[in-house]
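Working notes, beginning with the structure itself.
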Amino acid sequence: FKTLIKKDVIVQTGKETKANLRLSKIIIPKDPQKLKEMVMGYLRQMAEITKNEGWPILVSQRLARIGRPAVPTLLDVVGDTNEAWWVRYEAKGFFILTEFKDDPRVVPTAIKILKTSDDTGKRFAADILGNTKDKRAVEPLIEVLKSGKGKELISTIQALGKLEDERAVEPMLEFLNDPDNLVRIVVVRDGLGDIGGDRAVEALIKTLDRKSVG
């Protein structure tokens, strides 16, 4: 999109067609507080639509058109323990579905959230990190794996699987005996199965052999 700098706003314009006429111009405030308010407004609209089983396509497209200036606010929302779950969910989704995940601020901030936020923040940070494919996330995710539980644990296993790093194989092995059947399935299918390689295959075979002997 063509970007024009004016006195008090940034105007992004795209080719105007009948399909995107309402999206053809997004006026982005240069003032950081006003920009944050704009991003939060879109997120809350999206959250309300999603809660009511709708598809917030138009609103999400408008937020996406803001581009990289929206990244700091989106990251803040993911880690904000006082923010509504649905709003945090919508913020997280932008790092899964758009090129926002490639922004250099994403991985360091998501790792920080992984270490300091609540269970929801850790879960959403794990989802983001898995989709970045950035190996810097492996060790922090392994640390969460050791103490994770419930949906947070599931997201961490899946994230490590997507990163396809063999350092995660050994820490995952103990979860092959987890009392939660879903955890065991995710470890095999999305964790070790996605990591692949000789170590993961050998580990699965040895575990199956021990079960057979037992």
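FYI, nothing fancy with the structure tokens labels: chains A, B, ... in order, residues from 1 per chain, ligands from 1 as they appear.
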Quiz item: Any idea what's packed within 8 Å of stretch 161-169 of chain A, counting only C-alpha atoms, ignoring anything in its chain fewer than 3 positions away? Could you give it as a ChimeraX atom specification?
Solution: /A:130-131,133-135,138,142,157-158,172-173,190-197,199-200,203
Residues just named, written with N, CA, C and O atoms as a PDB file, in the first residue's frame:
ATOM      1  N   GLY A 130       5.800 -20.506  18.542  1.00  0.00           N
ATOM      2  CA  GLY A 130       5.825 -21.672  17.666  1.00  0.00           C
ATOM      3  C   GLY A 130       5.687 -21.289  16.207  1.00  0.00           C
ATOM      4  O   GLY A 130       6.310 -21.899  15.324  1.00  0.00           O
ATOM      5  N   ASN A 131       4.903 -20.266  15.942  1.00  0.00           N
ATOM      6  CA  ASN A 131       4.681 -19.849  14.566  1.00  0.00           C
ATOM      7  C   ASN A 131       5.784 -18.955  14.014  1.00  0.00           C
ATOM      8  O   ASN A 131       5.835 -18.722  12.815  1.00  0.00           O
ATOM      9  N   LYS A 133       8.968 -19.773  14.233  1.00  0.00           N
ATOM     10  CA  LYS A 133      10.034 -20.692  13.815  1.00  0.00           C
ATOM     11  C   LYS A 133      11.415 -20.228  14.292  1.00  0.00           C
ATOM     12  O   LYS A 133      12.440 -20.648  13.759  1.00  0.00           O
ATOM     13  N   ASP A 134      11.435 -19.380  15.304  1.00  0.00           N
ATOM     14  CA  ASP A 134      12.693 -18.799  15.792  1.00  0.00           C
ATOM     15  C   ASP A 134      13.267 -19.674  16.910  1.00  0.00           C
ATOM     16  O   ASP A 134      12.630 -19.888  17.941  1.00  0.00           O
ATOM     17  N   LYS A 135      14.479 -20.163  16.714  1.00  0.00           N
ATOM     18  CA  LYS A 135      15.104 -21.094  17.653  1.00  0.00           C
ATOM     19  C   LYS A 135      15.418 -20.476  19.015  1.00  0.00           C
ATOM     20  O   LYS A 135      15.663 -21.197  19.985  1.00  0.00           O
ATOM     21  N   VAL A 138      13.288 -21.906  21.894  1.00  0.00           N
ATOM     22  CA  VAL A 138      13.321 -23.310  22.324  1.00  0.00           C
ATOM     23  C   VAL A 138      13.563 -23.452  23.825  1.00  0.00           C
ATOM     24  O   VAL A 138      12.780 -24.106  24.541  1.00  0.00           O
ATOM     25  N   ILE A 142      11.047 -24.852  26.779  1.00  0.00           N
ATOM     26  CA  ILE A 142      11.374 -26.065  27.542  1.00  0.00           C
ATOM     27  C   ILE A 142      11.216 -25.803  29.035  1.00  0.00           C
ATOM     28  O   ILE A 142      10.741 -26.668  29.787  1.00  0.00           O
ATOM     29  N   ILE A 157       3.873 -27.741  24.099  1.00  0.00           N
ATOM     30  CA  ILE A 157       4.294 -28.927  23.338  1.00  0.00           C
ATOM     31  C   ILE A 157       4.141 -28.675  21.838  1.00  0.00           C
ATOM     32  O   ILE A 157       5.031 -28.985  21.040  1.00  0.00           O
ATOM     33  N   GLN A 158       3.012 -28.120  21.453  1.00  0.00           N
ATOM     34  CA  GLN A 158       2.771 -27.848  20.037  1.00  0.00           C
ATOM     35  C   GLN A 158       3.770 -26.834  19.487  1.00  0.00           C
ATOM     36  O   GLN A 158       4.240 -26.979  18.351  1.00  0.00           O
ATOM     37  N   MET A 172      10.282 -33.917  26.609  1.00  0.00           N
ATOM     38  CA  MET A 172       8.923 -34.348  26.265  1.00  0.00           C
ATOM     39  C   MET A 172       8.626 -35.789  26.671  1.00  0.00           C
ATOM     40  O   MET A 172       7.467 -36.170  26.823  1.00  0.00           O
ATOM     41  N   LEU A 173       9.655 -36.583  26.838  1.00  0.00           N
ATOM     42  CA  LEU A 173       9.456 -38.009  27.055  1.00  0.00           C
ATOM     43  C   LEU A 173       8.593 -38.332  28.269  1.00  0.00           C
ATOM     44  O   LEU A 173       7.773 -39.256  28.230  1.00  0.00           O
ATOM     45  N   ASP A 190       1.934 -33.969  17.829  1.00  0.00           N
ATOM     46  CA  ASP A 190       2.366 -32.593  17.556  1.00  0.00           C
ATOM     47  C   ASP A 190       3.746 -32.257  18.109  1.00  0.00           C
ATOM     48  O   ASP A 190       4.347 -31.267  17.687  1.00  0.00           O
ATOM     49  N   GLY A 191       4.207 -33.050  19.077  1.00  0.00           N
ATOM     50  CA  GLY A 191       5.507 -32.796  19.666  1.00  0.00           C
ATOM     51  C   GLY A 191       6.593 -33.610  18.984  1.00  0.00           C
ATOM     52  O   GLY A 191       7.240 -33.165  18.039  1.00  0.00           O
ATOM     53  N   LEU A 192       6.773 -34.824  19.438  1.00  0.00           N
ATOM     54  CA  LEU A 192       7.806 -35.692  18.876  1.00  0.00           C
ATOM     55  C   LEU A 192       7.568 -35.976  17.404  1.00  0.00           C
ATOM     56  O   LEU A 192       8.508 -36.062  16.616  1.00  0.00           O
ATOM     57  N   GLY A 193       6.310 -36.113  17.040  1.00  0.00           N
ATOM     58  CA  GLY A 193       5.994 -36.394  15.643  1.00  0.00           C
ATOM     59  C   GLY A 193       6.426 -35.289  14.707  1.00  0.00           C
ATOM     60  O   GLY A 193       6.927 -35.554  13.602  1.00  0.00           O
ATOM     61  N   ASP A 194       6.260 -34.037  15.122  1.00  0.00           N
ATOM     62  CA  ASP A 194       6.670 -32.913  14.277  1.00  0.00           C
ATOM     63  C   ASP A 194       8.173 -32.671  14.319  1.00  0.00           C
ATOM     64  O   ASP A 194       8.768 -32.249  13.318  1.00  0.00           O
ATOM     65  N   ILE A 195       8.788 -32.919  15.466  1.00  0.00           N
ATOM     66  CA  ILE A 195      10.235 -32.735  15.559  1.00  0.00           C
ATOM     67  C   ILE A 195      10.948 -33.728  14.650  1.00  0.00           C
ATOM     68  O   ILE A 195      11.875 -33.380  13.921  1.00  0.00           O
ATOM     69  N   GLY A 196      10.484 -34.975  14.702  1.00  0.00           N
ATOM     70  CA  GLY A 196      11.062 -35.982  13.821  1.00  0.00           C
ATOM     71  C   GLY A 196      12.528 -36.236  14.118  1.00  0.00           C
ATOM     72  O   GLY A 196      13.038 -35.913  15.189  1.00  0.00           O
ATOM     73  N   GLY A 197      13.218 -36.824  13.172  1.00  0.00           N
ATOM     74  CA  GLY A 197      14.627 -37.122  13.352  1.00  0.00           C
ATOM     75  C   GLY A 197      14.845 -38.408  14.127  1.00  0.00           C
ATOM     76  O   GLY A 197      13.929 -38.959  14.749  1.00  0.00           O
ATOM     77  N   ARG A 199      16.438 -39.097  16.905  1.00  0.00           N
ATOM     78  CA  ARG A 199      16.264 -39.079  18.368  1.00  0.00           C
ATOM     79  C   ARG A 199      14.800 -39.220  18.757  1.00  0.00           C
ATOM     80  O   ARG A 199      14.465 -39.950  19.689  1.00  0.00           O
ATOM     81  N   ALA A 200      13.950 -38.512  18.060  1.00  0.00           N
ATOM     82  CA  ALA A 200      12.526 -38.582  18.384  1.00  0.00           C
ATOM     83  C   ALA A 200      11.971 -39.967  18.098  1.00  0.00           C
ATOM     84  O   ALA A 200      11.225 -40.532  18.911  1.00  0.00           O
ATOM     85  N   ALA A 203      13.322 -42.488  20.604  1.00  0.00           N
ATOM     86  CA  ALA A 203      12.703 -42.282  21.912  1.00  0.00           C
ATOM     87  C   ALA A 203      11.308 -42.893  21.954  1.00  0.00           C
ATOM     88  O   ALA A 203      10.928 -43.529  22.942  1.00  0.00           O
TER      89      ALA A 203
END
Using only C-alpha atoms, which residues of stretch 120-195 of chain A come within 9 Å of stretch 98-102 of chain A, and what is the closest atom pair for each, with the distance in Å to one decimal? Give it as a tab-separated table, sorted by chain and residue number.
residue	atom	partner	partner_atom	distance
A:Ile128	CA	A:Lys101	CA	7.2
A:Leu129	CA	A:Lys101	CA	8.4
A:Asn131	CA	A:Lys101	CA	7.5
A:Thr132	CA	A:Lys101	CA	5.9
Deliver the residues from the most recent selection as a file, using C-alpha atoms, as a compact mmCIF listing (two decimals), in the first residue's frame.
# COMPACT_ATOMS: atom_id res chain seq x y z
CA ILE A 128 3.07 -17.03 18.85
CA LEU A 129 6.60 -18.37 19.33
CA ASN A 131 4.68 -19.85 14.57
CA THR A 132 7.78 -17.65 14.38
Go through stretch 113-155 of chain A and flag each residue having an atom no more than 8 Å from stretch 82-92 of chain A; for those, report the closest pair of atoms plus their distance in Å to one decimal, using only C-alpha atoms, ordered by chain and rising number, as CSV.
residue,atom,partner,partner_atom,distance
A:Thr120,CA,A:Trp85,CA,7.8
A:Phe124,CA,A:Lys92,CA,6.1
A:Ala125,CA,A:Lys92,CA,7.7
A:Asp127,CA,A:Lys92,CA,7.9
A:Ile128,CA,A:Lys92,CA,6.8
Exercise. Give me, please, the distance in Å between atom CA of A:Glu48 and atom CA of A:Ile96, quoted to one decimal.
Key: 19.7 Å
Practice problem: Once DSSP has gone over the backbone, tell me which residues of stretch 10-211 of chain A are in alpha helix (DSSP H), as a VMD selection string. | Solution: chain A and resid 32 to 51 57 to 66 71 to 79 85 to 97 106 to 116 119 to 132 138 to 147 150 to 163 169 to 173 181 to 186 193 to 195 197 to 211
Quiz prompt | Per-residue DSSP, stretch 7-194 of chain A, filtered to strand (DSSP E or B), as JSON, numbers by chain | solution = {"A": [9, 10, 11, 12, 13, 25, 26, 27, 28, 29]}
Quiz item: Near A:Lys36, counting only C-alpha atoms, which residues have an atom at most 12 Å away, once you skip same-chain residues fewer than 6 positions from it, shown as a PyMOL selection string?
Solution: chain A and resi 28-30+42-43+63+66+69-77
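Across the structure, atom CA of A:Gly150 and atom CA of A:Arg184 are spaced 12.1 Å apart.
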